[in-house]
Structure formats: structure tokens, C-alpha cells
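Engineer: This is the structure I want to talk about, given as C-alpha cells.
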Amino acid sequence: MEKTPKSLRLQLGLFGRTNVGKSSFLNMVAGQDVSITSTVAGTTTDVVEKSMELLPLGPVVFLDTGGFDDLSQLSKLRIEKAKKVFARADVIVLIAESNFWGEYEDDILKTAKENKTPFIIVVNKIDLAEPKDDFLEKIKEKTDKFLLCSSLDLAKRDDYVNIFKQHLIDICPDDFLNPPSLIGDILPAGGLAVLIIPIDLEAPRGRLILPQVQTIRDALDNDACCLVVKEKEYAAALENLKRPPDIVVCDSQVVLKMAADTPKNVKCTTFSILFSRYKADLTDAAASAAVIDKLKSGDKVLIAEACSHHPIQDDIGRVKIPRWLRQYVGGDLQIDSCAGRDYPENLTDYKLVIHCGGCMLNRREILHRIGCAKNQGVPVTNYGVCISFVQGVLERVLEPFPAALDAFREEINKN
């Protein structure tokens with residue numbers, strides 16, 4: 001439970017007025033003090049993230065935000081950070097005080113509905129004021145997923161938490177309860193996937209990076225087999241097999257060698273392309289890659305990376321992709337980069353956004369970023385798609401995904 005990455009957890013955004021009891025509610029659900037509580041308004045100054053196991057849902061992460069009506073000196077920055085939670089929250093939990101409802105609460109629900117995010121209303125502090133009939137009717141008009149509680153009444157904690165969990169189960173997004181397959185749906189039962197995994201200098205010592213681990217687990221969950229090799233041992237591994245593998249998956253940085261060494265009758269792709277399908281929209285990313293063919297010297301491109309690691313000397317996002325793009329275009333592109341949760345609001349100056357696989361972000365946040373770009377008329381492609389395009393093997397690695405391949409061909413033929 002403790003090792004489950006946040007990107008694979010159900011993300012629950014806690015919203016509400018300053019000092020309404022968000023942190024107390026979080027502490028009650030967690031069964032321990034995970035957030036500082038105080039009668040002083042504005043105690044929560046930043047988004048507090050708390051990962052826990054919430055059975056039967058499994059691993060979740062609560063995003064405890066600062067109050068929206070905070071009038072302190074840092075309120076604007078605090079509110080902006082809180083609003084960014086809407087981009088990643090799978091469920092919104094709105095905390096309100098008994099018998100009090102105003103424009104702040106309405107604004108939060110309005111934003112949740114605009115983002116098509118399900119929500120639960122928690123009426124807190126009922127020990128201080130019993131909810132009146134007209135107030136309850138107002139709540140019921142907004143949703144039937146609500147909870148009346150006192151976060152400090154630990155004697156009733158189990159009752160409150162059980163109701164809360166049942167509401168979560170009722171509204172939990174389908175893609176969390178039934179997540180899309182990463183590779184299992186393109187592997188037959190008993191099939192074989194060969195995974196080419198360079199020893200990445202940016203991976204923690206002694207471990208594989210997350211996309212590789214998730215791919216292995218998804219293949220095993222779907223009753224398939226994995227053969228894991230480094231790129232230099234790949235050709236020898238193929239010779240030792242009694243039959244061809246069902247698919248070969250490689251790190252994007254060695255896609256050219258993988259494509260050259262893989263027999264034409266064997267499907268192949270990259271981890272990043274798998275994640276584009278898993279976390280975003282591979283068909284759109286494939287079509288958007290055709291924009292690379294129209295880039296010219298002076299155009300601006302944004303490289304968006306979900307990780308916030310310290311870049312190494314030959315970093316894929318900051319060094320290799322910019323170099324390959326400039327070589328392909330034959331001119332000096334203006335290339336900006338952002339990392340972690342830093343993502344520009346204004347993208348209109350960019351001809352293209354190239355996003356990483358997004359293994360550190362949940363699917364909702366990736367789709368939110370893509371939506372923001374498309375609303376501004378900016379196409380978004382993916383690291384693996386981009387690298388495969390400039391290396392001249394994109395059609396080869398899109399063969400396992402006919403819809404994406406057709407979308408790319410249709411778009412590139414327009415040029």
C-alpha cells in the first residue's frame with residue numbers, strides 16, 4: 001500500500017471554506033493526525049497530500065486544499081494552488097458547515113460539474129449546530145451523495161467513514177475500478193512479450209522505472225509471459241526463442257535499433273506509446289505528430305515532463321528530443337520545457353506540445369493538459385511518438401494500434 005505511486009491512486013480533492021474542518025475530516029478518515037488543525041483561519045497553507053488505503057477501494061490520495069475564502073496576504077497563491085487540484089482530482093469532496101451555504105460552495109460545485117468530476121458533500125460540525133430542514137433540502141437538491149458528521153466525534157467515526165466509502169464506491173470513475181489495460185489486451189493468454197529495457201541512469205539504483213514495472217505486471221495479470229533484456233542482448237535473445245514473440249516493447253531511446261533487429265512479422269512498440277494509449281489518447285497523439293513535418297526554424301515547441309528529477313547530462317526531454325527535433329527540422333527551434341506539475345496556462349505561442357508518458361500523473365490530469373492545449377489550438381503528441389517519428393519508424397511501432405496508425409497516415413498525407 002505504501003509503495004503504490006500516487007499516479008495509480010484514486011485522487012480525492014478536499015475543498016471548502018477556511019477553517020470549515022477539512023483537515024479534521026481528513027484526520028478522522030485516516031484514523032490519525034495527518035493534517036495540522038487549529039481554530040486559527042488559514043492553518044492549511046498549501047495542498048497537503050496524504051496517501052492511505054481505503055478499503056474496499058484500495059490505495060487513495062487525499063488532496064487537502066487551503067480555504068477558498070482566505071483573505072490573508074498569501075491567499076491568491078494559495079487559491080491558485082487549490083484550483084489546480086481540479087485538474088487531477090477524480091472525486092471532489094466539498095466540506096461545508098451546518099446551515100451555511102454560499103457562493104464559495106456553489107463555485108466549487110460549478111467547477112466540479114464543468115470538469116465532469118463527481119462530488120460528495122460533507123456537512124461538518126453538526127455537533128455545534130443541527131442541520132435545519134431547509135438546509136438539508138438544499139443539499140439534497142444538489143446531490144444524494146452527502147454525509148452529515150462531526151469530525152471530532154470519534155465514537156461515531158466508523159459510521160461516518162462507512163457512509164463516506166459507500167458514496168465513493170457509488171460515484172467512483174469506471175477507469176479506476178476497471179482500469180484500461182496497458183499491454184494485456186494485445187497479448188494472447190500464454191503469449192510472450194519481449195521487453196527491451198536499457199539500464200536508465202535516471203532510475204533509482206537497483207530498480208526499474210515505473211512504466212517498465214507496470215508493463216510487466218499488466219502482462220502477468222493477463223496470463224502472458226515476459227522476457228526482459230537489454231538492447232545489446234536483444235538479437236541473441238530472439239535467436240534463442242523457439243517461436244517469435246507476440247510483441248516487442250522497448251525504451252524509446254533505442255527504438256531505431258529495436259526496429260532494425262525485429263523481424264517484420266513481429267509487432268513492436270515503445271513503453272511511452274503504450275502509456276500514451278493508457279493515460280491519454282494515442283490516436284490523437286499519432287495524428288498530432290504530423291505537425292513535426294511542418295515545423296520550421298524559429299517555431300516554439302514545449303516539452304512537458306511529469307517527473308521533476310534532476311536532469312542528467314544526456315537527458316531525454318531536455319537534451320535528446322530537442323537535438324533530434326532540430327536535426328529533423330534542419331533549423332533552430334525555440335524549445336521550452338516544464339517539469340512536475342508546472343504547466344503553462346497560455347500555450348498559444350507553441351506550435352506543438354510534446355508530453356512524456358505521464359507515469360507520475362493520473363489519467364485525468366494528462367487529459368486535462370491535453371484539453372487545455374487543444375482549446376488553444378495547440379496539438380499535443382507524446383515522447384515515444386515524437387522520437388519514433390523523427391527516427392523514421394513511427395508507422396512500424398504503431399502497427400499494434402490500427403486506429404492510431406490510420407490517423408497518422410491520414411494527417412501526414414495532408415501535408
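By convention in this document, the chains of the C-alpha cells carry letters A, B, ... by their order, each chain's residues are numbered from 1, and ligands are numbered from 1 in the order they are shown.
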Can I get the residues of region 328-391 of chain A within 12 Å of region 111-129 of chain A, each with the closest pair of atoms and their distance in Å to one decimal, using only C-alpha atoms, sorted chain first then ascending number, as a tab-separated table?
Structural biologist:
```
residue	atom	partner	partner_atom	distance
A:Arg364	CA	A:Thr117	CA	9.6
A:Glu365	CA	A:Asn115	CA	11.0
A:Leu367	CA	A:Asn115	CA	11.0
A:His368	CA	A:Asn115	CA	8.8
A:Gly371	CA	A:Asn115	CA	10.7
A:Cys372	CA	A:Asn115	CA	11.7
```
Engineer: Need to verify the contact set: Asp332 (chain A), 12 Å, only C-alpha atoms, exclusion of same-chain residues closer than 3 positions in sequence. Can you return it as a count of residues only?
Structural biologist: 16
Engineer: Just list as number ranges by chain whatever in region 148-346 of chain A DSSP marks as strand (DSSP E).
Structural biologist: A: 148, 192-196, 225-229, 247-250, 267-270, 300-305, 334-339
Engineer: Next, the residues of the selection above should be written as a tab-separated table (two decimals), in the first residue's frame with N, CA and C atoms.
Structural biologist:
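The file below, out.tsv, is the result:
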```
chain	number	residue	atom	x	y	z
A	148	LEU	N	-23.59	13.76	6.82
A	148	LEU	CA	-23.69	14.65	7.99
A	148	LEU	C	-22.78	14.08	9.06
A	192	LEU	N	3.80	-14.10	-25.36
A	192	LEU	CA	5.12	-13.65	-24.90
A	192	LEU	C	5.40	-12.22	-25.36
A	193	ALA	N	5.79	-11.39	-24.41
A	193	ALA	CA	6.25	-10.03	-24.71
A	193	ALA	C	7.73	-9.94	-24.38
A	194	VAL	N	8.51	-9.47	-25.32
A	194	VAL	CA	9.92	-9.19	-25.06
A	194	VAL	C	10.04	-7.71	-24.73
A	195	LEU	N	10.57	-7.40	-23.57
A	195	LEU	CA	10.72	-6.01	-23.12
A	195	LEU	C	12.19	-5.64	-23.13
A	196	ILE	N	12.53	-4.66	-23.97
A	196	ILE	CA	13.92	-4.20	-24.07
A	196	ILE	C	14.09	-3.02	-23.12
A	225	CYS	N	3.51	-13.93	-20.69
A	225	CYS	CA	4.88	-14.09	-20.21
A	225	CYS	C	5.72	-12.89	-20.66
A	226	CYS	N	6.76	-12.61	-19.91
A	226	CYS	CA	7.68	-11.52	-20.25
A	226	CYS	C	9.11	-12.04	-20.31
A	227	LEU	N	9.83	-11.60	-21.31
A	227	LEU	CA	11.27	-11.81	-21.38
A	227	LEU	C	11.91	-10.43	-21.37
A	228	VAL	N	12.72	-10.16	-20.36
A	228	VAL	CA	13.30	-8.84	-20.18
A	228	VAL	C	14.79	-8.88	-20.54
A	229	VAL	N	15.19	-8.02	-21.46
A	229	VAL	CA	16.58	-7.99	-21.90
A	229	VAL	C	17.04	-6.54	-22.07
A	247	ILE	N	4.82	-9.65	-29.17
A	247	ILE	CA	5.10	-8.21	-29.28
A	247	ILE	C	6.42	-7.91	-28.61
A	248	VAL	N	7.08	-6.89	-29.11
A	248	VAL	CA	8.33	-6.40	-28.51
A	248	VAL	C	8.11	-4.95	-28.10
A	249	VAL	N	8.52	-4.60	-26.90
A	249	VAL	CA	8.37	-3.23	-26.39
A	249	VAL	C	9.75	-2.75	-25.94
A	250	CYS	N	10.09	-1.53	-26.33
A	250	CYS	CA	11.42	-1.02	-25.96
A	250	CYS	C	11.31	0.38	-25.39
A	267	LYS	N	5.13	-7.72	-34.18
A	267	LYS	CA	4.70	-6.38	-33.80
A	267	LYS	C	5.65	-5.80	-32.75
A	268	CYS	N	5.81	-4.48	-32.80
A	268	CYS	CA	6.68	-3.84	-31.82
A	268	CYS	C	6.20	-2.43	-31.54
A	269	THR	N	6.56	-1.92	-30.36
A	269	THR	CA	6.19	-0.56	-29.98
A	269	THR	C	7.11	-0.11	-28.85
A	270	THR	N	6.78	1.01	-28.21
A	270	THR	CA	7.61	1.52	-27.12
A	270	THR	C	6.78	1.68	-25.85
A	300	LYS	N	8.16	27.61	-31.91
A	300	LYS	CA	8.28	27.29	-30.49
A	300	LYS	C	7.61	25.94	-30.20
A	301	VAL	N	8.29	25.12	-29.41
A	301	VAL	CA	7.81	23.80	-29.00
A	301	VAL	C	7.96	23.69	-27.49
A	302	LEU	N	6.97	23.09	-26.84
A	302	LEU	CA	7.04	22.88	-25.39
A	302	LEU	C	7.25	21.40	-25.10
A	303	ILE	N	8.27	21.10	-24.30
A	303	ILE	CA	8.50	19.74	-23.81
A	303	ILE	C	7.94	19.68	-22.39
A	304	ALA	N	6.92	18.86	-22.17
A	304	ALA	CA	6.26	18.77	-20.86
A	304	ALA	C	6.58	17.42	-20.23
A	305	GLU	N	7.18	17.47	-19.07
A	305	GLU	CA	7.58	16.24	-18.38
A	305	GLU	C	6.91	16.18	-17.01
A	334	GLN	N	12.78	27.05	-31.10
A	334	GLN	CA	12.76	27.58	-29.73
A	334	GLN	C	12.04	26.55	-28.86
A	335	ILE	N	12.78	25.88	-28.01
A	335	ILE	CA	12.22	24.78	-27.23
A	335	ILE	C	12.24	25.13	-25.75
A	336	ASP	N	11.05	25.18	-25.15
A	336	ASP	CA	10.91	25.39	-23.71
A	336	ASP	C	10.59	24.05	-23.05
A	337	SER	N	10.79	23.98	-21.75
A	337	SER	CA	10.46	22.76	-21.02
A	337	SER	C	9.81	23.11	-19.69
A	338	CYS	N	8.96	22.21	-19.23
A	338	CYS	CA	8.38	22.33	-17.89
A	338	CYS	C	8.39	20.96	-17.26
A	339	ALA	N	8.41	20.91	-15.94
A	339	ALA	CA	8.53	19.63	-15.25
A	339	ALA	C	7.59	19.58	-14.05
```
Engineer: Near region 402-405 of chain A, counting only C-alpha atoms, which residues have an atom at most 12 Å away, once you skip same-chain residues fewer than 4 positions from it, shown as a PyMOL selection string?
Structural biologist: chain A and resi 186+267+269+273-274+276-277+281-290+381+385+389+393-398+409-412
Engineer: Using only C-alpha atoms, pick whichever of A:Leu210, A:Leu154, A:Met28, A:Cys386 has the shortest atom-to-atom distance to Leu8 (chain A).
Structural biologist: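 Of all the options, A:Leu210 lies closest to Leu8 (chain A).
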Engineer: For Tyr278 (chain A), list every protein, DNA or RNA residue within 12 Å, evaluated using only C-alpha atoms, and leave out those in the same chain fewer than 5 positions away; present the list as JSON, numbers by chain.
Structural biologist: {"A": [8, 175, 179, 180, 181, 182, 183, 184, 185, 211, 214, 215, 218, 271, 272, 273, 283, 357, 358, 359, 361, 362, 363, 364, 366, 367]}
Engineer: So, with only C-alpha atoms as the atoms that count, which of A:Leu10, A:Val47, A:Ile387, A:Cys307 lies closest to Pro59 (chain A)?
Structural biologist: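 Closest to Pro59 (chain A), using only C-alpha atoms: A:Leu10.
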Engineer: Could you state the separation of CA of Leu147 (chain A) and CA of Ile108 (chain A) in Å, given to one decimal place?
Structural biologist: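 Interatomic distance, CA of Leu147 (chain A) to CA of Ile108 (chain A): 17.1 Å.
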Engineer: Between A:Val390, A:Arg369, A:Asp223, A:Leu208, which has the minimum distance to Gln253 (chain A) (counting only C-alpha atoms)?
Structural biologist: A:Val390
Engineer: Nearest residue to Glu239 (chain A) out of A:Asn346, A:Asn382, A:Asn27, A:Thr262, using only C-alpha atoms?
Structural biologist: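 That would be A:Thr262, the residue with the smallest distance to Glu239 (chain A).
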Engineer: At what distance in Å, to one decimal, does CA of Val380 (chain A) lie from CA of His355 (chain A)?
Structural biologist: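 About the pair CA of His355 (chain A) and CA of Val380 (chain A): they are 7.0 Å apart.
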Engineer: Let me make sure I understand: among A:Asn162, A:Asn178, A:Ser150, A:Asn375, which one has the smallest atom-to-atom distance to Ile95 (chain A) if we use only C-alpha atoms?
Structural biologist: A:Ser150
Engineer: Work out how far CA of Val93 (chain A) is from CA of Leu136 (chain A), in Å to one decimal.
Structural biologist: 17.1 Å
Engineer: For Val291 (chain A), which residue out of A:Arg157, A:Lys351, A:Lys165, A:Lys257 is the nearest one, using only C-alpha atoms?
Structural biologist: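 When distances to Val291 (chain A) are compared using only C-alpha atoms, the smallest one comes from A:Lys351.
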Engineer: Once DSSP has gone over the backbone, tell me which residues of region 223-402 of chain A are in alpha helix (DSSP H), as a ChimeraX atom specification.
Structural biologist: /A:234-240,255-261,271-279,282-288,321-329,363-375,383-390,394-397,402
Engineer: Just want the 9 Å neighbourhood of Leu54 (chain A), counted on only C-alpha atoms, with same-chain residues fewer than 6 positions away dropped. Output as a ChimeraX atom specification.
Structural biologist: /A:29-30,60,165
